[in-house]
>>> print(open('entry.txt').read())   # compact mmCIF, C-alpha atoms and all ligand atoms
# COMPACT_ATOMS: atom_id res chain seq x y z
CA MET C 19 86.21 9.36 236.52
CA LYS C 20 83.77 11.75 238.10
CA SER C 21 82.09 10.67 241.27
CA TRP C 22 78.25 10.48 241.41
CA LYS C 23 78.39 13.48 243.72
CA SER C 24 80.14 15.70 241.22
CA LYS C 25 77.74 14.47 238.49
CA LEU C 26 74.82 15.47 240.72
CA VAL C 27 76.32 18.93 241.31
CA LEU C 28 76.82 19.31 237.56
CA MET C 29 73.21 18.31 236.92
CA VAL C 30 71.92 20.79 239.48
CA ILE C 31 74.01 23.54 237.84
CA MET C 32 72.68 22.62 234.39
CA VAL C 33 69.06 22.50 235.58
CA SER C 34 69.53 25.88 237.28
CA PHE C 35 71.00 27.34 234.13
CA VAL C 36 68.16 26.07 231.97
CA LEU C 37 65.61 27.31 234.49
CA SER C 38 67.16 30.79 234.75
CA THR C 39 67.44 31.08 230.97
CA PHE C 40 63.81 30.10 230.70
CA LEU C 41 62.82 32.74 233.28
CA VAL C 42 64.84 35.51 231.66
CA GLY C 43 63.67 34.49 228.25
CA ASN C 44 59.96 34.42 228.85
CA HIS C 45 58.52 35.46 232.18
CA VAL C 46 60.54 38.28 233.71
CA HIS C 47 58.48 41.39 233.32
CA ALA C 48 57.17 44.12 235.58
CA ASP C 49 54.31 42.21 237.19
CA ASN C 50 56.63 39.38 238.27
CA LEU C 51 59.17 41.73 239.80
CA GLY C 52 56.94 44.09 241.77
CA GLU C 53 57.85 46.83 239.33
CA THR C 54 55.41 49.15 237.60
CA ASP C 55 55.15 49.25 233.85
CA LEU C 56 53.83 52.79 233.55
CA THR C 57 52.49 52.14 230.04
CA ASP C 58 49.92 49.66 231.38
CA GLY C 59 46.41 51.09 231.39
CA LEU C 60 47.22 53.98 229.08
CA PRO C 61 44.70 54.67 226.30
CA ILE C 62 45.63 53.42 222.87
CA THR C 63 45.99 57.05 221.73
CA ALA C 64 48.90 57.50 224.15
CA PHE C 65 51.17 55.66 221.72
CA THR C 66 52.33 57.25 218.50
CA SER C 67 55.07 56.47 216.02
CA SER C 68 56.78 57.96 213.02
CA GLY C 69 54.50 55.68 210.99
CA SER C 70 53.64 52.01 211.06
CA LEU C 71 53.60 49.35 208.42
CA VAL C 72 50.28 49.11 206.58
CA TYR C 73 49.24 46.16 204.49
CA ASN C 74 45.79 46.96 203.25
CA GLY C 75 43.31 44.45 204.60
CA ASP C 76 45.81 42.94 207.07
CA PRO C 77 43.83 42.37 210.30
CA ARG C 78 46.93 42.21 212.48
CA ARG C 79 47.69 45.95 212.41
CA PHE C 80 51.21 46.97 213.40
CA GLY C 81 50.58 50.22 215.31
CA PRO C 82 52.80 51.37 218.20
CA GLU C 83 50.23 50.09 220.72
CA LYS C 84 51.31 46.55 219.69
CA ALA C 85 54.62 47.19 221.47
CA PHE C 86 52.70 47.81 224.72
CA ASP C 87 49.87 45.24 224.59
CA ASN C 88 51.47 42.81 227.08
CA VAL C 89 51.85 40.18 224.33
CA TRP C 90 55.53 39.25 224.43
CA ASP C 91 56.06 36.22 222.23
CA GLU C 92 55.31 37.47 218.79
CA ASN C 93 56.08 36.26 215.33
CA ASN C 94 55.50 39.09 212.89
CA GLU C 95 52.69 40.43 215.11
CA GLY C 96 54.25 43.25 217.13
CA PHE C 97 54.84 46.89 216.30
CA GLN C 98 56.39 47.44 212.88
CA THR C 99 57.47 50.84 211.64
CA ALA C 100 56.85 52.08 208.15
CA ALA C 101 59.21 50.69 205.48
CA THR C 102 61.20 53.86 204.92
CA ASN C 103 64.77 55.03 205.37
CA ASP C 104 63.69 57.97 207.56
CA SER C 105 64.44 58.22 211.24
CA LYS C 106 61.95 56.09 213.14
CA TRP C 107 60.52 56.33 216.62
CA ILE C 108 57.79 55.25 218.96
CA SER C 109 56.53 57.59 221.71
CA VAL C 110 54.30 57.44 224.77
CA ASP C 111 52.19 60.27 226.22
CA PHE C 112 51.72 59.47 229.92
CA GLY C 113 49.28 62.33 230.40
CA LYS C 114 51.33 63.55 233.39
CA LYS C 115 55.02 63.79 234.23
CA GLN C 116 56.57 60.43 235.04
CA VAL C 117 60.04 59.32 236.13
CA ILE C 118 61.21 56.39 233.98
CA SER C 119 64.37 54.48 234.85
CA LYS C 120 64.25 51.29 232.79
CA LEU C 121 63.31 49.94 229.36
CA ARG C 122 62.45 46.25 229.13
CA TYR C 123 62.33 44.92 225.57
CA LYS C 124 61.77 41.79 223.56
CA ALA C 125 62.41 41.34 219.86
CA ASP C 126 60.02 39.83 217.36
CA VAL C 127 61.33 36.39 216.40
CA SER C 128 60.59 36.81 212.69
CA TYR C 129 63.22 37.03 209.94
CA ASN C 130 66.05 35.93 212.28
CA TYR C 131 65.94 39.36 214.02
CA ARG C 132 67.16 41.11 210.88
CA TYR C 133 64.53 43.84 211.22
CA ASP C 134 64.43 44.14 215.00
CA MET C 135 65.50 47.14 217.02
CA LYS C 136 69.26 47.31 217.50
CA ASP C 137 70.72 50.74 218.30
CA PHE C 138 68.27 53.00 220.13
CA VAL C 139 68.04 56.25 222.11
CA VAL C 140 65.50 56.90 224.87
CA GLN C 141 64.44 60.54 224.91
CA ALA C 142 62.07 62.58 227.08
CA SER C 143 60.12 65.81 226.67
CA ASN C 144 57.52 67.92 228.40
CA ASP C 145 56.16 69.71 225.33
CA ASN C 146 56.41 66.96 222.70
CA LEU C 147 58.75 69.28 220.76
CA VAL C 148 62.09 69.59 222.54
CA TRP C 149 63.60 66.22 223.49
CA THR C 150 66.56 65.37 225.69
CA ASP C 151 68.50 62.09 225.57
CA GLN C 152 68.04 59.87 228.62
CA TYR C 153 69.76 56.66 227.53
CA THR C 154 71.61 55.28 224.51
CA GLY C 155 71.75 51.51 224.07
CA THR C 156 72.09 48.54 221.77
CA ALA C 157 69.65 45.64 221.82
CA LEU C 158 70.68 42.12 220.92
CA GLY C 159 68.95 40.08 218.24
CA ASN C 160 67.70 37.17 220.33
CA ASN C 161 64.58 35.79 221.99
CA LEU C 162 65.39 37.02 225.51
CA ILE C 163 63.78 39.82 227.44
CA GLN C 164 66.43 42.53 227.62
CA GLU C 165 66.69 45.29 230.21
CA PHE C 166 68.28 48.72 229.95
CA ALA C 167 68.39 50.82 233.13
CA TRP C 168 69.55 54.37 233.78
CA GLN C 169 69.63 56.96 236.52
CA PRO C 170 66.63 59.22 235.90
CA THR C 171 67.26 62.97 235.90
CA ASP C 172 63.72 64.35 236.01
CA ALA C 173 60.04 63.68 235.41
CA TYR C 174 58.72 64.05 231.87
CA ARG C 175 55.30 63.60 230.31
CA TYR C 176 56.45 62.33 226.87
CA TRP C 177 58.95 59.50 226.36
CA LYS C 178 60.29 58.43 222.98
CA ILE C 179 62.44 55.57 221.71
CA LEU C 180 64.38 56.36 218.53
CA LEU C 181 65.08 53.05 216.77
CA LYS C 182 67.48 51.64 214.23
CA ASN C 183 67.55 48.04 213.03
CA SER C 184 70.49 45.71 212.42
CA ILE C 185 70.78 46.79 208.80
CA GLY C 186 71.16 50.49 209.58
CA ASN C 187 67.99 52.49 209.35
CA THR C 188 66.39 50.89 206.36
CA ASP C 189 63.10 49.14 205.78
CA ILE C 190 60.84 48.22 208.72
CA ILE C 191 61.87 47.95 212.38
CA MET C 192 60.09 45.42 214.56
CA VAL C 193 59.33 45.37 218.30
CA ALA C 194 57.47 42.50 219.98
CA GLU C 195 57.01 44.19 223.36
CA MET C 196 58.33 46.95 225.58
CA GLU C 197 57.85 48.15 229.14
CA LEU C 198 58.77 51.56 230.52
CA ILE C 199 59.46 51.04 234.21
CA GLY C 200 59.23 53.72 236.90
CA VAL C 201 57.52 54.81 240.05
CA ASP C 202 54.04 56.17 239.40
CA THR C 203 53.87 59.85 240.33
CA PRO C 204 50.96 60.45 242.73
CA ILE C 205 48.25 62.86 241.69
CA LEU C 206 47.83 65.83 244.00
CA ALA C 207 44.79 65.95 246.28
CA ALA C 208 42.07 68.39 245.21
CA PRO C 209 41.67 71.56 247.31
CA LEU C 210 38.84 71.43 249.87
CA ASN C 211 36.50 73.94 251.50
CA LEU C 212 36.34 76.48 248.68
CA THR C 213 34.13 79.43 249.68
CA ALA C 214 33.04 82.36 247.53
CA VAL C 215 31.89 85.61 249.19
CA ALA C 216 30.23 88.27 247.05
CA GLY C 217 31.29 91.89 247.30
CA ASP C 218 30.67 94.96 245.17
CA LYS C 219 32.12 94.10 241.72
CA LYS C 220 34.29 91.43 243.29
CA VAL C 221 34.19 87.89 244.62
CA ASN C 222 36.46 86.79 247.42
CA LEU C 223 37.59 83.15 247.18
CA SER C 224 39.39 81.12 249.82
CA TRP C 225 40.18 77.44 250.26
CA SER C 226 42.18 74.99 252.39
CA PRO C 227 45.84 74.43 251.50
CA VAL C 228 47.03 71.22 249.77
CA ALA C 229 50.28 69.41 250.67
CA ASP C 230 53.17 69.34 248.13
CA VAL C 231 51.56 72.06 246.04
CA THR C 232 53.46 74.70 244.10
CA ASN C 233 50.50 76.78 242.92
CA TYR C 234 46.76 76.82 242.29
CA ASN C 235 44.58 77.46 239.26
CA VAL C 236 41.35 79.43 239.70
CA LYS C 237 38.62 78.36 237.27
CA ARG C 238 35.25 79.98 236.65
CA SER C 239 32.04 79.25 234.82
CA LEU C 240 28.70 80.94 234.30
CA SER C 241 27.02 77.56 234.73
CA SER C 242 27.05 75.26 237.72
CA GLY C 243 29.16 72.18 236.88
CA GLY C 244 31.20 73.98 234.23
CA PRO C 245 32.84 73.86 231.78
CA TYR C 246 35.29 76.08 233.62
CA THR C 247 37.78 78.56 232.21
CA THR C 248 41.06 79.21 234.03
CA ILE C 249 40.98 82.87 235.09
CA ALA C 250 44.16 82.82 237.20
CA SER C 251 47.14 80.48 237.34
CA ASN C 252 50.32 80.51 239.42
CA VAL C 253 48.27 81.54 242.48
CA THR C 254 50.46 80.68 245.47
CA ASP C 255 48.14 81.97 248.21
CA VAL C 256 45.02 80.11 249.40
CA SER C 257 42.78 83.05 248.52
CA TYR C 258 41.99 85.04 245.41
CA ILE C 259 39.90 88.12 244.61
CA ASP C 260 38.11 88.04 241.28
CA ASN C 261 37.67 91.65 240.23
CA ALA C 262 36.65 90.84 236.65
CA VAL C 263 32.98 90.41 237.51
CA VAL C 264 29.70 92.18 236.85
CA ASN C 265 27.24 92.88 239.65
CA GLY C 266 24.10 90.75 239.49
CA THR C 267 25.78 87.84 237.64
CA THR C 268 26.28 84.52 239.42
CA TYR C 269 29.74 82.99 239.01
CA TYR C 270 30.71 79.40 239.75
CA TYR C 271 34.28 78.63 240.84
CA VAL C 272 36.55 75.62 241.32
CA ILE C 273 40.24 75.46 242.30
CA THR C 274 42.89 72.93 241.22
CA ALA C 275 46.24 72.28 242.88
CA LEU C 276 49.43 71.92 240.81
CA ASN C 277 53.03 70.89 241.29
CA ASP C 278 55.78 69.99 238.82
CA ASN C 279 54.25 66.63 238.07
CA SER C 280 50.51 66.94 238.05
CA GLU C 281 47.31 68.94 238.40
CA SER C 282 44.66 67.78 240.85
CA SER C 283 41.01 67.29 240.05
CA ASN C 284 38.64 70.16 240.80
CA SER C 285 37.80 71.34 244.32
CA ASN C 286 34.19 71.64 245.42
CA GLU C 287 32.28 74.29 243.48
CA ALA C 288 31.41 77.58 245.16
CA SER C 289 29.26 80.35 243.72
CA ALA C 290 28.65 84.02 244.43
CA THR C 291 26.66 86.89 242.94
CA PRO C 292 28.45 90.23 243.35
CA GLN C 293 26.11 93.10 244.30
CA LYS C 294 26.37 96.83 244.72
CA ILE C 295 26.46 97.66 248.41
CA ASN C 296 23.15 99.19 249.48
CA VAL C 297 24.01 102.65 250.75
CA PRO C 298 21.70 103.58 253.65
CA GLU C 299 19.23 106.45 253.43
CA PRO C 300 21.08 109.77 253.68
CA GLU C 301 18.67 111.15 256.31
CA PRO C 302 20.12 110.23 259.67
CA SER C 303 17.84 108.91 262.40
CA GLY C 304 20.48 109.16 265.10
CA ASP C 305 23.38 111.49 265.54
CA ARG C 306 26.09 108.85 265.70
CA ALA C 307 26.76 105.51 263.96
CA ILE C 308 28.97 102.44 264.14
CA LEU C 309 30.60 101.94 260.74
CA THR C 310 31.65 98.31 260.31
CA VAL C 311 33.96 97.71 257.35
CA THR C 312 34.61 94.11 256.26
CA LEU C 313 37.90 93.79 254.39
CA THR C 314 38.62 91.26 251.64
CA THR C 315 40.89 89.46 254.10
CA GLY C 316 37.80 88.76 256.23
CA LEU C 317 38.95 91.25 258.90
CA GLU C 318 36.26 93.56 260.35
CA LYS C 319 36.99 97.13 261.48
CA GLU C 320 34.58 99.15 263.62
CA PHE C 321 34.54 102.93 263.84
CA ASP C 322 32.37 104.99 266.17
CA LEU C 323 31.62 108.11 264.12
CA SER C 324 29.39 111.16 263.91
CA ILE C 325 26.74 111.14 261.16
CA GLU C 326 28.73 113.84 259.35
CA GLU C 327 31.77 111.58 259.28
CA VAL C 328 29.67 108.63 258.08
CA ASN C 329 28.20 110.75 255.27
CA ALA C 330 31.70 111.89 254.27
CA PHE C 331 32.78 108.24 254.11
CA LEU C 332 29.70 107.37 251.96
CA GLU C 333 30.44 110.26 249.59
CA TRP C 334 34.02 109.04 249.20
CA TYR C 335 32.86 105.44 248.61
CA ASP C 336 30.24 106.46 246.00
CA ALA C 337 32.74 108.70 244.20
CA ARG C 338 35.39 106.00 244.22
CA ASP C 339 32.83 103.49 242.96
CA THR C 340 32.31 105.65 239.87
CA GLY C 341 36.06 105.90 239.36
CA THR C 342 36.88 109.29 240.89
CA GLY C 343 38.53 110.33 244.11
CA SER C 344 41.30 108.90 246.24
CA ALA C 345 42.03 105.18 246.42
CA LYS C 346 42.14 105.35 250.22
CA TYR C 347 40.17 107.16 252.87
CA GLY C 348 41.16 108.29 256.33
CA ILE C 349 38.74 107.66 259.18
CA ASN C 350 39.14 109.49 262.46
CA LYS C 351 39.83 107.15 265.38
CA HIS C 352 38.26 109.28 268.12
CA THR C 353 37.98 106.63 270.76
CA ASN C 354 41.54 105.46 270.38
CA ASN C 355 43.22 108.81 270.25
CA LYS C 356 45.76 108.03 272.94
CA GLY C 357 49.13 109.69 273.25
CA PRO C 358 50.34 113.09 272.10
CA PHE C 359 48.63 113.04 268.70
CA SER C 360 46.54 115.93 267.45
CA SER C 361 44.52 113.46 265.41
CA ARG C 362 44.62 109.77 264.66
CA LYS C 363 43.24 108.26 261.45
CA GLU C 364 42.95 104.82 260.04
CA TYR C 365 43.03 104.50 256.27
CA VAL C 366 40.84 102.06 254.40
CA VAL C 367 41.68 101.17 250.79
CA PHE C 368 38.76 100.99 248.37
CA ASN C 369 39.96 97.80 246.66
CA LYS C 370 40.32 96.04 250.01
CA ILE C 371 36.72 96.68 251.12
CA LEU C 372 34.46 93.70 250.65
CA THR C 373 31.38 95.25 252.29
CA PHE C 374 30.39 97.63 255.09
CA SER C 375 27.41 98.36 257.32
CA ILE C 376 26.23 101.41 259.22
CA ASP C 377 24.35 101.12 262.52
CA GLU C 378 23.04 104.46 263.63
CA TYR C 379 22.31 105.29 267.23
CA SER C 380 21.48 108.30 269.26
CA ALA C 381 24.10 109.52 271.72
CA GLN C 382 21.42 110.69 274.17
CA ASN C 383 20.15 107.15 274.79
CA CA O 1 52.84 46.29 229.70
CA CA O 2 53.27 43.07 221.82
>>> encode(input="entry.txt", output="C-alpha cells", more="lines below")
Ligand SMILES: [Ca+2]
Ligand SMILES: [Ca+2]
Amino acid sequence: MKSWKSKLVLMVIMVSFVLSTFLVGNHVHADNLGETDLTDGLPITAFTSSGSLVYNGDPRRFGPEKAFDNVWDENNEGFQTAATNDSKWISVDFGKKQVISKLRYKADVSYNYRYDMKDFVVQASNDNLVWTDQYTGTALGNNLIQEFAWQPTDAYRYWKILLKNSIGNTDIIMVAEMELIGVDTPILAAPLNLTAVAGDKKVNLSWSPVADVTNYNVKRSLSSGGPYTTIASNVTDVSYIDNAVVNGTTYYYVITALNDNSESSNSNEASATPQKINVPEPEPSGDRAILTVTLTTGLEKEFDLSIEEVNAFLEWYDARDTGTGSAKYGINKHTNNKGPFSSRKEYVVFNKILTFSIDEYSAQN
C-alpha cells in the first residue's frame, strides 16, 4: 500500500509532466524565451520556396510565408510545397548578414504527419547561389514544437531549409511554423560631418570615422537628395578626392559605412562645384608675393617669393593644367635656407594642390 504522501508526490510529478508537455507542445517559442526569431518583421517577399502547392481558387494559399506567420497550430493551413518529386526547399532573405544558431519547428497535424518535414538540411549563402551546409537533422512526426541548435560558423544573408518528408521526397511537404533564432546583427552608424571642398577639376571629401567599420562607399548625384551612384567602394580612409568631375558642375555626395554584416544608411549630404582657379593678372603691382598653396590634405604652405618666381610657378601650373609639363614643381625656400646647402627647394605635386592664392607686396614698404 502506498502512503498518502507518496500518492501526493506521484500526483505532483504527473501534473508537472502534463504541464511541461503542454508548454513544450504549444507555447515555447522565441517570444516566451527571450530569444529573437529573426524572421519576424521580414517582408513577405523575403520568403521563397522551390514552389508551393496551388489549388486554384483556394483562399488559404500555401506560400513559404505561411511557415513564418506566427500561426503554430495548423491543420492543412501552413506552408505546403509543390506536389513534385524534385528537391524542395524554403529560403529566407534577411536583407543583411545574420548569425542563426537554432531552428524551431512545428509540424502540420494533417494526414497523421505523413507529409510533414522529416529529414532536412539547413544551408546558408551570401550570394543566393553557393550554399554551405550548417546543420543536418531529422524532425519527428508529432504535435510538439521541436528545436534543432548548432554552433554558428559565420553570418550569412540567405538561409535555406532543404526538406524531405516521411515518404522520401515525393508529393507535398508540409510545415506549420518555423523560427530561425539568432542574435540580430546591429546596423552600422551612418558617417557624420561629411564636407565637400571644391578645387580645380576635383572635389575633396572628408568625414568623421565610424566604429567597427571596414570600409566606406562614396556616392554621388547631380541632384540634391539623390538617387546616388557609388563612385568609389572599399575606401578605408576618412577622405576621398573625386577627380572625375567637370568644372562648373555641382555634385552632391553621401558616404555609407560598411563592415562584413551590413551597410549603414547615408551620411549627411555635402555638395561642391569645382572651379578653375582664377590666375591673378600677370602684371605685378609689387615686386614680391606670398604664395599660399592649399593641399588636398587641408595643409597650407606659404612661400615668400619674387614676382619672377611666382610667374614661373603660374606658368608651370597653367601648363600642367592643360596636360603638359612636370607633375611636380620645385619652389625655392629662400627664407629657410639654413645649413650648408647651395639651394633649398620644396616640391609641390600638381594633383595634391587643391587651391592657391598670391598676395603681392612691395619689398620697399
Ligand atoms: Ca515568427
Ligand atoms: Ca504558420
>>> residues_near_point(input="entry.txt", point="(64.3, 37.5, 210.4)", cutoff="12 Å", atoms="all atoms listed in the file", output="ChimeraX atom specification")
/C:93-94,125-135,159-161,183-185,190-192
>>> closest_residue(input="entry.txt", among="C:Val272, C:Glu327, C:Phe359, C:Asp322", to="Ala381 (chain C)", atoms="all atoms listed in the file")
C:Asp322
>>> residues_near_ligand(input="entry.txt", ligand="ligand CA 2 (chain O)", cutoff="8 Å", atoms="all atoms listed in the file", output="list in words")
Glu83, Lys84, Ala85, Phe86, Asp87, Asn88, Val89, Trp90, Asp91, Glu92, Glu95, Gly96, Phe97, Val193, Ala194, Glu195 and Met196 of chain C
>>> atom_distance(input="entry.txt", atom1="CA of Thr254 (chain C)", atom2="CA of Asn233 (chain C)")
4.7 Å
>>> closest_residue(input="entry.txt", among="C:Leu332, C:Leu210, C:Leu240, C:Ala173", to="Val256 (chain C)", atoms="all atoms listed in the file")
C:Leu210
